[in-house]
Amino acid sequence: MKRESGIIHIIFILLFVTSIICVIALGIIFYRDYARNELISTPLAQNSVSKPWVRSFSPLRTFYVSPSGTGAGHTMADPMSLRSAVVNSMPGDLYYLLEGEYVPDVAGESMRGTLLLSGVGTEENPIVYRAFPGHRAVIMGNVSIGSSALSEESGKYNWVWGLEITDPQNSVDVGREQGSGLVMFSEGSTAINNIIHDQALKNGIGAWGNPLGNGYDTGTLRNHVVYGNIVYRNGLGTNTSQCNSAPNHNVYGHHSYADDNGITYGYRYFVDNIIFDAAEDCGKSKNILMRSSAGEVSGFYLDGNVIFNGGVAANPEGRPSYNMKFQSNWLVDSHFLIGGRPFQGEIIGNTLINTVLEIQSLWGNEPSIPRTVGNTVVRNNKIYSDTYTYQIITAIKSDASSSGQAPIRSSDVWDYNVYGPFALNEPHFRAGVIANGRTLNSGHTQSLEAFRQATRGIRFSSPEGLDASSSVVGKPASVDYKLIRNVYDQDLSYLVVYNWSSQASVTLNLQRELPSARRVGVYSVHDMFGSPVVAASPRNITIPLEGDSAYSIYVVRSISK
């Protein structure tokens, strides 16, 4: 009996020690980023289940490339040419692009000015073109990952990482997909930490999908990742004729010209990007446009992006949109438009400053709604606006007929939001809803409580109105900021400061967000390769705020650890 008791005691001790080890291991793997209130995975050498846009990469071969390279590329002293890199690429290759300007000549005259990446990588072993750390590698033209003119295999799982891609002189022979600074056509197309700007007469990023059939497999719309890119001032020079037919945008996410089937294929991820200053030539350009000419739009996943001075629109024409996710984004001086066909998705934890949320059409509660349509959730957002806060209209059919006649579905969630004024001092609330045959006008200010009462009865089988637990606040009195830590480069972060109180500078303690950095440099988002605006300890760093602008965007790099 005593021997058995001893064995049980030993087993208990082993189980206890094992549990402690597991807890410690989890503590090493994950920490909580309180600035974004979410878990961040620190080991970058493995895929993240909770963050599927974090991909692993261990190169099988490493080469060096320079604009004047003629060598074998095995060392920095003997770099190869970019043409040689692309032509001889194999799965698992890493090509480090060294300092300098690269003028694409890979694709021939039929795609003049385009760096066409046609080598075939795999999900486990992609082909990666990356700027060597600290080097400014500039593509003078554009980059196309795959092409509709080639086989479906071309360009699969190619990554473009840390490059500057610009074409202010419009040197590219623009075709349908080639009308972007970075064309993402193939499965597994991945763009990480690039700077894409001043693409004359073109979009900044064009992410394309394909329909079933045409020889494309079911992965064609899957595994697109756009992470940590700085995208601005693209599409300049657009004339009136082009503006009316096909205006250009900073990011253009286009599904197929036929059916979409994005629900089947999964998401395309746009995460932690800085996107701003949409072209003003025609007044129709957006910072992000997600659309399809004829097919449905679904599977766009926007998380943690900072978007300012230009709108965001999801399918403002055509067919319904499904399975959309917009979370933890900042939109400043923008317009968040969900278009004129029924929308289904999640809008969670976003901050909208001087920005209106307009959902022109929701699925209402009617038998004609497809059973596959999930819930729509709009919660935990902060919306500061002096015009109207939001406007929604229900619809029951994919063509948006019978708009406003159906009740809002009881399973949909619209709550726990915070509303406040943008410039005015007094709290206010203004919203409009058309549902269940009733119209609630957005043209006048009302209390949130009055709105709650007015919306009682517009939900199916529910006495509760909208925004039952939401709140109204006054204009913030000081400075708000968001620090985005880059998951692919632990020395890189983006800092967004919103200057509510018109201060000349702000002093921040970023030590909690940057625990391993002893000294950081803060750079203008327009010139991250120039001299830092300020260099100091992250514990006590004073940052000048830019002129009359209410917001300032900076790149933060660790100088020493």
# chains A, B, ... in the order shown; residues from 1 in each chain; ligands from 1
call {"tool": "select_by_dssp", "arguments": {"residues": "segment 286-452 of chain A", "states": "helix (DSSP H, G or I)", "output": "compact mmCIF listing (two decimals) with C-alpha atoms, in the first residue's frame"}}
result
# COMPACT_ATOMS: atom_id res chain seq x y z
CA LEU A 448 -28.71 57.69 -28.43
CA GLU A 449 -31.52 56.71 -26.07
CA ALA A 450 -34.12 58.21 -28.40
CA PHE A 451 -32.57 56.25 -31.24
CA ARG A 452 -32.73 53.03 -29.24
call {"tool": "residues_around", "arguments": {"residues": "Phe57 of chain A", "least_positions_apart": "2", "cutoff": "12 Å", "atoms": "only C-alpha atoms", "output": "number ranges by chain"}}
result
A: 43-47, 54-55, 59-61, 91-94, 121-128, 157-159, 488
call {"tool": "write_last_selection", "arguments": {"atoms": "C-alpha atoms", "output": "compact mmCIF listing (two decimals), in the first residue's frame"}}
result
# COMPACT_ATOMS: atom_id res chain seq x y z
CA PRO A 43 8.37 33.08 -33.11
CA LEU A 44 8.37 34.07 -36.76
CA ALA A 45 9.84 30.81 -38.01
CA GLN A 46 6.52 28.99 -37.96
CA ASN A 47 3.05 29.56 -39.32
CA VAL A 54 2.05 34.93 -40.74
CA ARG A 55 3.94 32.48 -42.96
CA PRO A 59 15.41 29.33 -47.65
CA LEU A 60 16.87 26.31 -49.37
CA ARG A 61 19.21 28.50 -51.46
CA PRO A 91 11.06 26.67 -54.89
CA GLY A 92 12.73 27.73 -51.65
CA ASP A 93 14.99 30.36 -53.26
CA LEU A 94 15.70 33.63 -51.46
CA GLY A 121 7.01 28.08 -55.72
CA THR A 122 5.06 26.03 -53.21
CA GLU A 123 3.30 26.87 -49.96
CA GLU A 124 6.10 25.14 -48.01
CA ASN A 125 8.90 26.56 -50.19
CA PRO A 126 7.96 29.89 -51.78
CA ILE A 127 10.24 31.94 -54.04
CA VAL A 128 11.16 35.14 -52.19
CA TYR A 157 3.78 31.25 -54.08
CA ASN A 158 6.09 34.11 -54.99
CA TRP A 159 6.81 36.69 -52.29
CA TYR A 488 7.91 39.83 -40.11
call {"tool": "residues_around", "arguments": {"residues": "Leu97 of chain A", "least_positions_apart": "4", "cutoff": "6 Å", "atoms": "only C-alpha atoms", "output": "PyMOL selection string"}}
result
chain A and resi 65-66+130-132
call {"tool": "residues_around", "arguments": {"residues": "Leu289 of chain A", "least_positions_apart": "3", "cutoff": "8 Å", "atoms": "only C-alpha atoms", "output": "ChimeraX atom specification"}}
result
/A:249,251-253,286,312-315
call {"tool": "atom_distance", "arguments": {"atom1": "atom CA of Gly474 of chain A", "atom2": "atom CA of Tyr390 of chain A"}}
result
17.4 Å
call {"tool": "closest_residue", "arguments": {"among": "A:Leu352, A:Gln453, A:Arg409, A:Arg136", "to": "Glu101 of chain A", "atoms": "only C-alpha atoms"}}
result
A:Arg136
call {"tool": "residues_around", "arguments": {"residues": "Asn305 of chain A", "least_positions_apart": "3", "cutoff": "10 Å", "atoms": "only C-alpha atoms", "output": "list in words"}}
result
Tyr227, Gly228, Asn229, Phe270, Val271, Asp272, Asn273, Ile274, Ile275, Leu302, Phe308, Phe326, Gln327, Ser328, Asn329, Trp330, Leu331, Asn350 and Ile484 of chain A
call {"tool": "residues_around", "arguments": {"residues": "Asn425 of chain A", "least_positions_apart": "2", "cutoff": "7 Å", "atoms": "only C-alpha atoms", "output": "PyMOL selection string"}}
result
chain A and resi 421+423+427+474-475
call {"tool": "closest_residue", "arguments": {"among": "A:Ser524, A:Asn540, A:Asn441, A:Ser50", "to": "Ile230 of chain A", "atoms": "only C-alpha atoms"}}
result
A:Ser524
call {"tool": "closest_residue", "arguments": {"among": "A:Ile205, A:Leu483, A:Val497, A:Ala477", "to": "Pro538 of chain A", "atoms": "only C-alpha atoms"}}
result
A:Leu483
call {"tool": "select_by_dssp", "arguments": {"residues": "segment 51-225 of chain A", "states": "strand (DSSP E)", "output": "ChimeraX atom specification"}}
result
/A:61-65,93-97,100-102,114-117,127-131,137-140,142-145,158-161,164-167,180-184,190-192,195-199,203-208,224-225
call {"tool": "closest_residue", "arguments": {"among": "A:Ser147, A:Ser84, A:Gln344, A:Gln405", "to": "Thr376 of chain A", "atoms": "only C-alpha atoms"}}
result
A:Gln344
call {"tool": "closest_residue", "arguments": {"among": "A:Asn142, A:Ser501, A:Gln490, A:Ser552", "to": "Phe276 of chain A", "atoms": "only C-alpha atoms"}}
result
A:Ser552
call {"tool": "atom_distance", "arguments": {"atom1": "atom CA of Ile347 of chain A", "atom2": "atom CA of Asn375 of chain A"}}
result
11.3 Å
call {"tool": "closest_residue", "arguments": {"among": "A:Tyr269, A:Phe343, A:Tyr416, A:Tyr388", "to": "Val433 of chain A", "atoms": "only C-alpha atoms"}}
result
A:Tyr388
call {"tool": "atom_distance", "arguments": {"atom1": "atom CA of Gly141 of chain A", "atom2": "atom CA of Ile196 of chain A"}}
result
10.5 Å
